[in-house]
2 protein chains.
Amino acid sequence: MGGRTSKRKVTIRDVAERAEVSISTVSHTFSGLRPISRATRDRVLKAAAELGYEANPSARSLRTGRSGLVGLVLRPRFAVAHTRDRAETFNRLVGSVATEMLRRKVGLIHVPELDDPAVASVPMDGCIVAHPYGGDSVVTELLRRNVPLVTIEEDPERPELPWAVRLDYSTAVSGLLDHLREQGADRVTLFTGGEDNAWNRRTRETYHAWCERHGHRARTELLSESLSADSAATRIRRLLTVPRRPDAVVVATSDFAAIVVQIARELDLRVPEDLMVAALTDSEHSRLSTPPITAMDLSHEQLAAAGVELMLARLAGAATPDGPVVIGPDLRFRASTRRDGGAR
Amino acid sequence: MGGRTSKRKVTIRDVAERAEVSISTVSHTFSGLRPISRATRDRVLKAAAELGYEANPSARSLRTGRSGLVGLVLRPRFAVAHTRDRAETFNRLVGSVATEMLRRKVGLIHVPELDDPAVASVPMDGCIVAHPYGGDSVVTELLRRNVPLVTIEEDPERPELPWAVRLDYSTAVSGLLDHLREQGADRVTLFTGGEDNAWNRRTRETYHAWCERHGHRARTELLSESLSADSAATRIRRLLTVPRRPDAVVVATSDFAAIVVQIARELDLRVPEDLMVAALTDSEHSRLSTPPITAMDLSHEQLAAAGVELMLARLAGAATPDGPVVIGPDLRFRASTRRDGGAR
DNA sequence: CGCACGCGTCAAAACCTTTTGATGGGATCG
DNA sequence: CGATCCCATCAAAAGGTTTTGACGCGTGCG
């Protein structure tokens with residue numbers, strides 16, 4: 001290496017010396033907080049450019065108390081999940097939050113760990129928590145630390161937090177159930193997920209309310225997200241060979257919905273004629289299945305955009321909103337629920 | 001709010017006062033750099049817990065010169081791309097880097113902007129640059145700043161940088177061309193992308209080398225990634241209605257490959273009998289098309305895993321490797337190139 | 001002519017850590 | 001008993017920035 005690139009970083013002091021001004025003058029030149037004469041400014045700018053000066057971000061945020069960075073925590077640690085369904089959800093969520101942040105030129109940090117003292121904590125001005133659990137410990141911790149918080153989907157135990165974006169499950173899930181009924185379904189069973197988050201809770205609630213409203217006998221089965229494909233298949237097979245089996249199932253995850261379709265074929269049940277299948281989240285599984293599976297798309301992109309906007313507004317000092325921003329999930333009607341052949 | 005949560009953050013000084021020890025003793029208690037007696041340690045730990053002390057990350061990294069964070073820059077600003085193809089690529093890449101970093105409990109920062117002085121720079125110990133352009137300006141800047149750098153895919157103008165992960169296009173693309181030839185293709189045209197990155201360069205080079213090796217007349221057409229679907233369609237239509245039109249096309253992006261299939265149908269060309277189609281990147285477009293399109297999968301997950309591992313090794317002080325880590329892309333043979341009906 | 005004020009600049013404080021040389025006391029060894 | 005060493009702790013420096021009170025000088029106004 002040439003002697004050109006020395007190990008030591010160039011600091012504001014180096015610039016000041018070279019421009020023959022004080023340190024504070026250099027700072028003011030960049031911040032514009034105090035007026036600087038034209039001549040001095042030019043000298044400082046020239047010196048800074050020649051030296052390749054770049055303010056040390058740690059020193060800056062130590063002083064100002066702000067880092068210009070926003071944290072992101074994904075609650076179900078999708079990362080450890082190995083199913084393609086969850087990977088797609090994770091990727092879409094992370095990708096769209098990142099896209100939104102990049103567009104606004106604010107740095108985004110994936111927070112590795114909040115509790116573990118062995119893991120260095122990160123300098124963030126605020127934190128977005130996506131898909132918190134009920135009474136989520138990460139939310140608790142962030143509240144304790146006074147870190148401005150925005151949640152994507154609510155913490156079901158903290159409906160009072162107004163800085164949140166949430167999906168309107170009530171309308172969408174009712175719409176889906178209405179559709180199944182219209183298509184002739186009589187015994188709709190819900191295969192719900194086991195994680196305690198808004199998605200599972202609200203869809204379940206809506207299902208029960210809808211059943212009550214329509215005098216439909218509510219029937220739910222637990223199909224934990226953590227099941228392997230094989231265990232899920234075994235369990236599904238059992239659930240479909242029961243007396244008075246359902247003629248329509250709404251499955252939480254779309255990979256399990258695809259398995260339902262597969263098992264149905266195995267059992268010589270035609271989809272949708274003998275069994276309709278719908279999923280409460282959309283992914284390539286539902287789209288590539290034969291027949292393609294009706295699904296509720298969780299609008300991750302819209303959730304992310306609204307969440308980021310909310311966070312930046314909050315950091316900019318906006319007033320506390322009255323309540324969460326509400327986004328409508330999109331229903332994607334496909335062949336797995338259309339007995340009439342797709343007129344809709 | 002109760003007076004419990006005061007605005008001021010609790011610092012190491014508060015802990016020291018409460019535990020009636022010096023500041024340095026508190027620091028040593030946590031770092032373990034110097035021995036601390038059992039009694040004192042307990043007192044300090046208790047005080048810290050009661051106060052909810054958390055070291056200020058900025059102050060820490062100012063002092064130590066390390067932040068424990070790794071930056072990530074995606075080079076083609078996929079973010080501004082609106083095609084689903086690019087969104088999927090972006091999501092997969094970002095998602096798998098994030099997954100890999102979370103698994104290792106190191107914070108990851110999406111770097112919003114490196115050149116723009118108006119955008120605050122970020123505290124990172126190293127930076128991963130994915131899919132750099134030839135002579136990439138971001139790479140230049142990072143080298144100038146002495147930031148430890150790892151690239152995912154090489155900067156084509158800087159083949160000498162050993163801290164890199166790259167794909168072995170030579171084998172994969174040759175394999176794809178061999179396959180087309182086996183299936184009876186005689187006039188293979190390459191529809192290449194316009195961006196100057198390793199993917200476009202290396203695939204083009206391999207194509208030309210392969211043509212030379214087999215006495216095949218090389219024919220390439222530029223199909224810029226930035227074209228809208230409509231403009232791409234127009235251009236593709238023209239390219240397929242030329243005298244002595246190709247009987248196989250290898251298309252850079254999979255969304256354009258899907259358009260090729262569509263136009264072929266429009267022109268009454270059967271795929272693959274009259275025209276074979278393959279893509280140099282895989283996405284839902286290629287999988288959902290009818291017929292499904294043969295594609296080269298860019299193994300983003302493997303690239304990400306290797307890139308992250310390389311970065312952490314570098315930060316941990318590993319020796320400079322001899323050369324880039326090489327990953328093999330996966331060929332996904334599908335109906336769009338199988339005249340023999342899928343025996344492979 | 002005297003006073004107030006605005007402008008451009010400077011010096012110093014503050015932000016919170018980690019690191020390191022120094023210190024004092026007790027144990028160990030010759 | 002004196003010299004040596006180790007252990008636990010402390011005080012102070014250093015890291016690079018932003019912010020703010022102060023200062024000197026010229027200008028405008030009464």
# chains A, B, ... in the order shown; residues from 1 in each chain; ligands from 1
$ select_by_dssp --residues "stretch 44-262 of chain A" --states "alpha helix (DSSP H)" --output "PyMOL selection string"
chain A and resi 44-51+57-64+84-103+137-144+169-182+198-213+229-240+254-262
$ interface_residues --of "chain A" --to "chain B" --cutoff "7 Å" --atoms "only C-alpha atoms" --output "JSON, numbers by chain"
{"A": [57, 58, 59, 61, 62, 68, 79, 90, 91, 92, 94, 95, 99, 102, 105, 106, 107, 108, 109, 110, 111, 112, 113, 119, 120, 121, 122, 123, 288]}
$ interface_residues --of "chain C" --to "chain A" --cutoff "9 Å" --atoms "only C-alpha atoms (C1' of nucleotides)" --output "list of chain:residue names"
C:DC7, C:DG8, C:DT9, C:DC10, C:DA11, C:DA14, C:DC15, C:DC16
$ select_by_dssp --residues "stretch 41-208 of chain B" --states "strand (DSSP E or B)" --output "MDAnalysis selection string"
chainID B and resid 69:74 107:110 126:130 133 149:152 164:167 188:192 197
$ write_last_selection --atoms "N, CA and C atoms" --output "compact mmCIF listing (two decimals), in the first residue's frame"
# COMPACT_ATOMS: atom_id res chain seq x y z
N LEU B 69 -21.61 -3.55 13.66
CA LEU B 69 -22.64 -3.55 12.62
C LEU B 69 -21.99 -3.72 11.25
N VAL B 70 -22.70 -4.37 10.39
CA VAL B 70 -22.21 -4.58 9.03
C VAL B 70 -23.19 -3.91 8.06
N GLY B 71 -22.64 -3.20 7.10
CA GLY B 71 -23.49 -2.52 6.11
C GLY B 71 -23.80 -3.41 4.92
N LEU B 72 -24.86 -3.08 4.25
CA LEU B 72 -25.22 -3.81 3.03
C LEU B 72 -25.64 -2.80 1.97
N VAL B 73 -25.04 -2.91 0.80
CA VAL B 73 -25.43 -2.05 -0.32
C VAL B 73 -25.81 -2.94 -1.49
N LEU B 74 -27.01 -2.78 -1.98
CA LEU B 74 -27.44 -3.49 -3.17
C LEU B 74 -27.16 -2.60 -4.35
N GLY B 107 -25.69 -7.12 13.88
CA GLY B 107 -26.63 -6.18 13.28
C GLY B 107 -26.29 -5.89 11.83
N LEU B 108 -27.32 -5.71 11.04
CA LEU B 108 -27.14 -5.42 9.62
C LEU B 108 -27.77 -4.08 9.29
N ILE B 109 -27.02 -3.23 8.59
CA ILE B 109 -27.56 -1.93 8.20
C ILE B 109 -27.71 -1.84 6.70
N HIS B 110 -28.88 -1.46 6.25
CA HIS B 110 -29.05 -1.12 4.85
C HIS B 110 -28.55 0.29 4.67
N GLY B 126 -17.82 -2.98 8.56
CA GLY B 126 -17.51 -3.53 7.25
C GLY B 126 -18.73 -3.38 6.38
N CYS B 127 -18.58 -3.64 5.10
CA CYS B 127 -19.71 -3.45 4.22
C CYS B 127 -19.74 -4.52 3.13
N ILE B 128 -20.92 -5.06 2.92
CA ILE B 128 -21.12 -6.03 1.85
C ILE B 128 -21.76 -5.30 0.67
N VAL B 129 -21.13 -5.41 -0.46
CA VAL B 129 -21.70 -4.80 -1.67
C VAL B 129 -22.15 -5.92 -2.59
N ALA B 130 -23.41 -5.94 -2.91
CA ALA B 130 -23.93 -7.01 -3.75
C ALA B 130 -24.12 -6.52 -5.17
N TYR B 133 -21.32 -2.79 -10.00
CA TYR B 133 -21.09 -2.50 -11.42
C TYR B 133 -19.60 -2.58 -11.71
N LEU B 149 -14.29 -4.67 3.09
CA LEU B 149 -15.28 -4.83 2.04
C LEU B 149 -15.37 -6.28 1.60
N VAL B 150 -16.59 -6.74 1.41
CA VAL B 150 -16.80 -8.05 0.80
C VAL B 150 -17.82 -7.84 -0.32
N THR B 151 -17.55 -8.38 -1.48
CA THR B 151 -18.56 -8.25 -2.52
C THR B 151 -19.24 -9.58 -2.80
N ILE B 152 -20.52 -9.50 -3.07
CA ILE B 152 -21.29 -10.66 -3.52
C ILE B 152 -21.40 -10.48 -5.02
N ALA B 164 -14.44 -11.88 -1.97
CA ALA B 164 -15.63 -11.87 -2.80
C ALA B 164 -16.22 -13.27 -2.91
N VAL B 165 -17.49 -13.31 -3.21
CA VAL B 165 -18.16 -14.57 -3.53
C VAL B 165 -18.66 -14.41 -4.95
N ARG B 166 -18.45 -15.40 -5.78
CA ARG B 166 -18.96 -15.24 -7.13
C ARG B 166 -19.58 -16.52 -7.66
N LEU B 167 -20.37 -16.36 -8.67
CA LEU B 167 -21.03 -17.52 -9.28
C LEU B 167 -20.17 -18.04 -10.43
N VAL B 188 -29.16 -20.33 -31.56
CA VAL B 188 -29.45 -19.79 -30.22
C VAL B 188 -29.04 -18.32 -30.15
N THR B 189 -30.00 -17.48 -29.83
CA THR B 189 -29.69 -16.05 -29.67
C THR B 189 -29.71 -15.69 -28.19
N LEU B 190 -28.81 -14.80 -27.80
CA LEU B 190 -28.79 -14.33 -26.42
C LEU B 190 -29.40 -12.94 -26.34
N PHE B 191 -30.42 -12.81 -25.53
CA PHE B 191 -30.99 -11.49 -25.24
C PHE B 191 -30.37 -11.04 -23.93
N THR B 192 -29.38 -10.20 -24.03
CA THR B 192 -28.61 -9.85 -22.83
C THR B 192 -29.12 -8.58 -22.19
N ASN B 197 -22.72 -5.48 -14.99
CA ASN B 197 -22.33 -6.22 -13.79
C ASN B 197 -21.81 -7.59 -14.19
$ closest_atom_pairs --of "chain D" --to "chain B" --cutoff "10 Å" --atoms "only C-alpha atoms (C1' of nucleotides)" --output "Markdown table"
| residue | atom | partner | partner_atom | distance |
| --- | --- | --- | --- | --- |
| D:DC7 | C1' | B:Pro35 | CA | 7.9 |
| D:DA8 | C1' | B:Ile36 | CA | 6.2 |
| D:DT9 | C1' | B:Thr25 | CA | 6.9 |
| D:DC10 | C1' | B:Ser22 | CA | 6.4 |
| D:DA11 | C1' | B:Ser22 | CA | 8.8 |
| D:DA14 | C1' | B:Arg63 | CA | 7.9 |
| D:DG15 | C1' | B:Arg63 | CA | 5.0 |
| D:DG16 | C1' | B:Leu62 | CA | 7.6 |
$ write_last_selection --atoms "N, CA and C atoms (P, O5', C5', C4', C3', O3' and C1' of nucleotides)" --output "CSV table (one decimal), in the first residue's frame"
chain,number,residue,atom,x,y,z
D,7,DC,P,-3.4,-12.2,41.0
D,7,DC,O5',-4.7,-11.6,41.8
D,7,DC,C5',-4.7,-11.7,43.2
D,7,DC,C4',-5.4,-10.4,43.7
D,7,DC,C3',-6.6,-10.0,42.9
D,7,DC,O3',-7.8,-10.2,43.6
D,7,DC,C1',-5.3,-8.1,43.5
D,8,DA,P,-9.2,-10.0,42.9
D,8,DA,O5',-9.6,-8.5,43.2
D,8,DA,C5',-9.8,-8.1,44.6
D,8,DA,C4',-9.9,-6.6,44.6
D,8,DA,C3',-11.1,-6.1,43.8
D,8,DA,O3',-11.9,-5.4,44.6
D,8,DA,C1',-9.0,-4.9,43.5
D,9,DT,P,-13.2,-4.6,44.0
D,9,DT,O5',-12.6,-3.2,43.7
D,9,DT,C5',-12.3,-2.3,44.7
D,9,DT,C4',-11.5,-1.1,44.1
D,9,DT,C3',-12.3,-0.2,43.2
D,9,DT,O3',-12.8,0.9,44.0
D,9,DT,C1',-10.0,-0.4,42.6
D,10,DC,P,-13.7,2.0,43.3
D,10,DC,O5',-12.6,3.1,42.9
D,10,DC,C5',-11.6,3.5,43.9
D,10,DC,C4',-10.6,4.4,43.2
D,10,DC,C3',-11.3,5.5,42.4
D,10,DC,O3',-10.7,6.8,42.8
D,10,DC,C1',-9.6,4.4,41.2
D,11,DA,P,-11.6,8.1,42.5
D,11,DA,O5',-10.5,8.9,41.6
D,11,DA,C5',-9.1,8.7,41.9
D,11,DA,C4',-8.3,9.2,40.7
D,11,DA,C3',-8.9,10.4,39.9
D,11,DA,O3',-7.9,11.3,39.6
D,11,DA,C1',-8.6,8.6,38.4
D,14,DA,P,-4.7,12.3,26.4
D,14,DA,O5',-5.5,11.4,25.4
D,14,DA,C5',-5.5,9.9,25.5
D,14,DA,C4',-6.7,9.4,24.7
D,14,DA,C3',-7.1,10.3,23.5
D,14,DA,O3',-7.2,9.5,22.4
D,14,DA,C1',-8.9,9.8,24.9
D,15,DG,P,-7.0,10.1,21.0
D,15,DG,O5',-8.2,9.5,20.1
D,15,DG,C5',-8.9,8.3,20.4
D,15,DG,C4',-10.3,8.4,20.2
D,15,DG,C3',-10.8,9.7,19.4
D,15,DG,O3',-10.9,9.3,18.0
D,15,DG,C1',-12.2,9.2,21.3
D,16,DG,P,-10.4,10.5,17.0
D,16,DG,O5',-11.8,11.3,16.7
D,16,DG,C5',-12.9,10.6,16.1
D,16,DG,C4',-14.1,11.5,16.1
D,16,DG,C3',-13.8,12.8,15.4
D,16,DG,O3',-14.9,13.1,14.5
D,16,DG,C1',-14.7,13.2,17.6
